[in-house]
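To start, the structure itself, in structure tokens.
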Amino acid sequence: MSYRTIDRGAAATPEPVARKIRGLSDRAIAWIFVAPTIFLLLAINIFPLIWTIRLSFTNYKANRINREPEWIGLRNYERILTDSDIWLNMQATAHFLIWTIFFQVLIGFALAWLINKKFKGNDLWTTIIVLPMMLSPAVVGNFWKFLYQPQIGLFNYIIAFFTGKEPSSFEMLGQVNLAPWSIVIVDTWMWTPFVMLICLAGLRSIPDYIYEAAEVDRASKLRQFFTITVPMVLPFLMLAVLFRGIENFKMFDLVVQLTGGGPGSTTELTSINLKREAFEKWRTGYASAYAIILFVTVFGLASIYVKALNKVKER
Amino acid sequence: MTSFLNGLLRLRRGPWELVATILIAIGVFMLMQPFVIWAFTYSFIVTLVGTVMFIIVSHFPE
């Protein structure tokens with residue numbers, strides 16, 4: 001049956017085309033199959049990147065398409081890298097990045113370690129813990145906004161219950177010293193399950209006989225944890241840090257929904273600032289230079305992480 | 001230390017990758033540190049040199 005289909009297909013191929021295909025080497029045929037993907041990759045990834053690099057040296061404004069962009073060399077880069085407001089945005093991003101990764105790794109690993117222990121309702125708890133990750137960042141941002149309300153928000157009441165403070169005496173999203181922590185809390189709440197899942201995969205990949213051998217050698221639980229569990233989960237943890245690091249460096253939707261970058265510019269992360277420059281002030285050339293700076297930073301960080309990951313895997 | 005310098009002179013991947021990695025790490029720290037603005041100003045060029053160096057030296061022999 002299948003032979004007949006093939007024969008029919010071969011018979012339907014026009015003779016000049018069939019002759020051409022018969023004359024092609026395996027390598028050429030492989031290239032024919034791969035070419036559309038390479039073309040798409042060039043069109044969607046490489047071309048915009050090169051175009052952005054080109055624009056970063058001009059004063060192009062996307063809302064004035066009739067005006068010819070002027071070549072201004074490195075002036076955009078100079079302006080960005082001497083701007084104290086952008087420096088503050090970078091510090092806000094660093095605060096967000098460092099603390100979210102710290103808490104997510106710490107809590108994610110702890111949760112994975114607990115879930116890995118066999119107990120009743122294990123699967124149900126895993127599903128419940130993973131739920132926040134499945135929500136849309138816009139939805140999460142919106143309902144955390146309600147939770148942070150000083151008058152009616154549940155978060156303020158919980159803090160008030162433990163500290164004895166008045167619930168309306170502090171405003172998580174409105175106070176300069178609390179707003180950066182409010183976005184850290186929400187991102188940690190949302191993305192800790194992701195880190196937990198990766199850690200859980202790592203923990204479940206450790207064979208039981210290693211622990212049994214350690215038991216025979218009378219290694220304590222603490223020693224087993226630091227000499228077996230941690231080193232074997234480390235590549236997975238580094239992968240989680242890499243993913244979360246890159247994602248949080250680009251964080252936009254959640255923070256825009258929660259604080260919009262405020263109060264003032266205390267939670268204005270680089271991506272929010274970049275969007276303002278590109279689509280509110282329409283300084284496209286300037287925003288392109290800004291994007292290239294962020295791209296090089298993320299690319300550099302990713303290179304370090306990939307190298308470290310390979311090294312850990314080799315061990 | 002001697003083997004590291006020998007590796008650099010003989011264009012080996014390991015030591016050169018280490019130099020590139022240190023440059024990237026310094027560049028990212030300079031970009032996000034809250035202490036001096038001149039470090040922020042020169043952060044990009046340091047990160048760029050480190051990243052380009054990393055791409056090139058990762059093709060060096062082991």
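Here's how to read the names in the structure tokens: chain A, B, ... by the order shown, residue numbers from 1 in each chain, ligand numbers from 1 in the order shown.
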
Worksheet entry | chain B contacts to chain A at 7 Å (only C-alpha atoms) as a list in words | Thr21, Ile24, Val28, Leu31, Met32, Gln33, Pro34, Phe40, Thr41, Phe44, Thr47, Leu48 and Thr51 of chain B

Worksheet item: Among region 45-241 of chain A, which residues carry a DSSP assignment of helix (DSSP H, G or I), reported as JSON, numbers by chain?
Response: {"A": [45, 46, 47, 48, 49, 50, 51, 52, 53, 54, 55, 75, 76, 77, 78, 79, 80, 81, 84, 85, 86, 87, 88, 89, 90, 91, 92, 93, 94, 95, 96, 97, 98, 99, 100, 101, 102, 103, 104, 105, 106, 107, 108, 109, 110, 111, 112, 113, 114, 115, 116, 122, 123, 124, 125, 126, 127, 128, 129, 130, 131, 132, 133, 134, 137, 138, 139, 140, 141, 142, 143, 144, 145, 146, 147, 154, 155, 156, 157, 158, 159, 160, 161, 162, 163, 167, 168, 169, 179, 180, 181, 182, 183, 184, 185, 186, 187, 188, 189, 190, 191, 192, 193, 194, 195, 196, 197, 198, 199, 200, 201, 202, 203, 204, 208, 209, 210, 211, 212, 213, 214, 215, 216, 221, 222, 223, 224, 225, 226, 227, 228, 229, 230, 231, 232, 233, 234, 235, 236, 237, 238, 239, 240, 241]}

Mind dumping the selected residues with C-alpha atoms as a compact mmCIF listing (two decimals), in the first residue's frame?
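Final file, part_31.txt:
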# COMPACT_ATOMS: atom_id res chain seq x y z
CA ASN A 45 16.63 37.16 14.70
CA ILE A 46 19.75 38.25 12.88
CA PHE A 47 18.34 40.95 10.60
CA PRO A 48 16.53 42.89 13.40
CA LEU A 49 19.69 42.69 15.52
CA ILE A 50 21.87 44.12 12.76
CA TRP A 51 19.21 46.75 12.01
CA THR A 52 19.06 47.74 15.70
CA ILE A 53 22.86 48.06 15.80
CA ARG A 54 22.68 50.32 12.73
CA LEU A 55 19.88 52.43 14.25
CA ARG A 75 26.64 59.85 20.87
CA ASN A 76 23.66 57.69 21.93
CA TYR A 77 25.97 55.36 23.85
CA GLU A 78 27.73 58.33 25.46
CA ARG A 79 24.42 59.84 26.58
CA ILE A 80 23.13 56.58 28.05
CA LEU A 81 26.33 55.72 29.87
CA SER A 84 22.55 59.19 36.24
CA ASP A 85 18.84 58.26 35.89
CA ILE A 86 19.71 55.20 33.81
CA TRP A 87 22.37 54.36 36.38
CA LEU A 88 19.60 54.37 39.03
CA ASN A 89 17.44 52.14 36.78
CA MET A 90 20.35 49.70 36.55
CA GLN A 91 20.60 49.66 40.35
CA ALA A 92 16.86 49.00 40.65
CA THR A 93 17.26 46.12 38.17
CA ALA A 94 20.24 44.76 40.13
CA HIS A 95 18.23 44.88 43.38
CA PHE A 96 15.34 43.06 41.73
CA LEU A 97 17.60 40.51 40.02
CA ILE A 98 19.75 39.63 43.02
CA TRP A 99 16.98 39.30 45.58
CA THR A 100 14.50 37.43 43.36
CA ILE A 101 17.13 34.88 42.37
CA PHE A 102 18.30 34.51 45.97
CA PHE A 103 14.79 33.89 47.36
CA GLN A 104 13.64 31.75 44.45
CA VAL A 105 16.64 29.44 44.67
CA LEU A 106 16.42 29.20 48.46
CA ILE A 107 12.67 28.58 48.69
CA GLY A 108 12.50 26.58 45.43
CA PHE A 109 15.21 24.19 46.58
CA ALA A 110 13.63 23.82 50.03
CA LEU A 111 10.22 23.06 48.51
CA ALA A 112 11.71 20.56 46.05
CA TRP A 113 13.51 18.85 48.91
CA LEU A 114 10.25 18.56 50.87
CA ILE A 115 8.18 17.44 47.88
CA ASN A 116 10.82 14.82 47.07
CA ASN A 122 2.42 14.65 47.40
CA ASP A 123 1.03 15.12 43.90
CA LEU A 124 -1.77 17.40 45.07
CA TRP A 125 0.71 19.68 46.86
CA THR A 126 2.94 19.79 43.78
CA THR A 127 -0.05 20.91 41.68
CA ILE A 128 -1.05 23.57 44.22
CA ILE A 129 2.51 24.93 44.48
CA VAL A 130 2.90 25.07 40.69
CA LEU A 131 -0.35 27.03 40.17
CA PRO A 132 1.07 30.62 40.37
CA MET A 133 3.46 29.87 37.52
CA MET A 134 0.55 29.06 35.22
CA PRO A 137 1.83 38.04 34.71
CA ALA A 138 -0.80 40.71 33.99
CA VAL A 139 -3.36 38.84 36.09
CA VAL A 140 -0.85 38.26 38.90
CA GLY A 141 0.13 41.93 38.86
CA ASN A 142 -3.48 42.98 39.03
CA PHE A 143 -4.57 40.82 41.92
CA TRP A 144 -1.40 41.48 43.95
CA LYS A 145 -2.25 45.13 43.55
CA PHE A 146 -5.45 44.37 45.46
CA LEU A 147 -3.60 42.26 48.02
CA LEU A 154 -4.93 40.86 52.74
CA PHE A 155 -1.15 41.26 52.71
CA ASN A 156 -1.22 44.31 54.98
CA TYR A 157 -3.55 42.49 57.40
CA ILE A 158 -1.23 39.47 57.59
CA ILE A 159 1.78 41.72 58.28
CA ALA A 160 -0.29 43.65 60.82
CA PHE A 161 -1.26 40.38 62.52
CA PHE A 162 2.38 39.39 63.02
CA THR A 163 3.89 42.80 63.77
CA PRO A 167 -2.69 47.64 58.38
CA SER A 168 -3.12 51.07 56.82
CA SER A 169 0.08 52.47 58.33
CA ALA A 179 8.02 49.26 46.60
CA PRO A 180 11.25 47.51 45.42
CA TRP A 181 10.53 44.71 47.89
CA SER A 182 6.90 44.42 46.80
CA ILE A 183 7.94 43.47 43.26
CA VAL A 184 10.54 41.05 44.63
CA ILE A 185 7.82 39.33 46.72
CA VAL A 186 5.43 38.97 43.79
CA ASP A 187 8.07 37.65 41.37
CA THR A 188 9.28 35.21 44.03
CA TRP A 189 5.70 34.05 44.64
CA MET A 190 5.13 33.53 40.95
CA TRP A 191 8.40 31.93 39.82
CA THR A 192 9.61 29.91 42.83
CA PRO A 193 7.57 26.90 41.54
CA PHE A 194 9.60 26.98 38.33
CA VAL A 195 12.87 26.73 40.28
CA MET A 196 11.25 24.05 42.45
CA LEU A 197 10.37 21.93 39.41
CA ILE A 198 13.92 22.13 38.04
CA CYS A 199 15.37 21.24 41.47
CA LEU A 200 12.89 18.39 41.80
CA ALA A 201 14.06 16.99 38.46
CA GLY A 202 17.62 17.18 39.81
CA LEU A 203 16.73 15.51 43.11
CA ARG A 204 14.82 12.70 41.39
CA ASP A 208 19.11 5.74 45.71
CA TYR A 209 22.16 3.48 45.80
CA ILE A 210 24.44 6.50 46.35
CA TYR A 211 22.60 7.34 49.58
CA GLU A 212 22.60 3.63 50.54
CA ALA A 213 26.37 3.51 50.05
CA ALA A 214 26.72 6.65 52.18
CA GLU A 215 24.54 5.03 54.89
CA VAL A 216 26.81 1.99 54.87
CA LYS A 221 22.36 13.16 56.95
CA LEU A 222 24.03 16.57 56.87
CA ARG A 223 27.14 15.16 55.21
CA GLN A 224 24.99 13.27 52.68
CA PHE A 225 23.21 16.53 51.90
CA PHE A 226 26.40 18.51 51.28
CA THR A 227 28.42 15.81 49.52
CA ILE A 228 25.72 14.07 47.47
CA THR A 229 22.54 16.14 47.16
CA VAL A 230 24.00 19.62 46.64
CA PRO A 231 26.72 18.69 44.08
CA MET A 232 24.32 16.54 42.05
CA VAL A 233 21.58 19.16 41.98
CA LEU A 234 24.03 22.00 41.25
CA PRO A 235 23.85 21.80 37.40
CA PHE A 236 20.04 21.97 37.63
CA LEU A 237 20.21 24.88 40.06
CA MET A 238 22.59 26.75 37.76
CA LEU A 239 20.22 26.20 34.89
CA ALA A 240 17.38 27.64 36.97
CA VAL A 241 19.55 30.64 37.90

Practice prompt. Determine, counting only C-alpha atoms, which protein, DNA and RNA residues have an atom within 10 Å of an atom of region 5-10 of chain B; residues of the same chain fewer than 3 positions away are not included. Present the result as a list in words.
Written response: Met1, Thr2, Arg13, Gly14, Pro15, Trp16, Glu17, Val19, Phe60, Pro61 and Glu62 of chain B

Those residues you just picked out, can you put them in a file as a short mmCIF file (atom, residue, chain, number, x, y, z; two decimals), in the first residue's frame with C-alpha atoms?
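Contents of the output file selection.cif:
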data_model
loop_
_atom_site.label_atom_id
_atom_site.label_comp_id
_atom_site.auth_asym_id
_atom_site.auth_seq_id
_atom_site.Cartn_x
_atom_site.Cartn_y
_atom_site.Cartn_z
CA MET B 1 50.31 30.65 37.79
CA THR B 2 53.09 29.63 35.38
CA ARG B 13 41.19 28.09 25.52
CA GLY B 14 41.05 27.62 29.32
CA PRO B 15 43.10 30.63 30.50
CA TRP B 16 41.76 32.94 27.80
CA GLU B 17 38.18 32.01 28.66
CA VAL B 19 40.24 36.26 31.32
CA PHE B 60 40.90 28.18 20.60
CA PRO B 61 42.30 24.64 21.12
CA GLU B 62 41.99 23.10 24.62
#

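The shortest atom-to-atom distance to Leu23 (chain B), with only C-alpha atoms taken into account, belongs to B:Ile45 out of B:Ile45, B:Ile56, B:Ala39, B:Leu11.
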
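The smallest atom-to-atom distance between Gly261 (chain A) and any of A:Asn248, A:Gln175, A:Asn273, A:Thr37, using only C-alpha atoms, is found for A:Asn273.
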
Worksheet entry | Pick from A:Asn59, A:Ser136, A:Ser25, A:Ser205, whichever lies nearest to Leu254 (chain A) using only C-alpha atoms | A:Ser136

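Going from CA of Ala43 (chain A) to CA of Ala30 (chain A) covers 20.3 Å.
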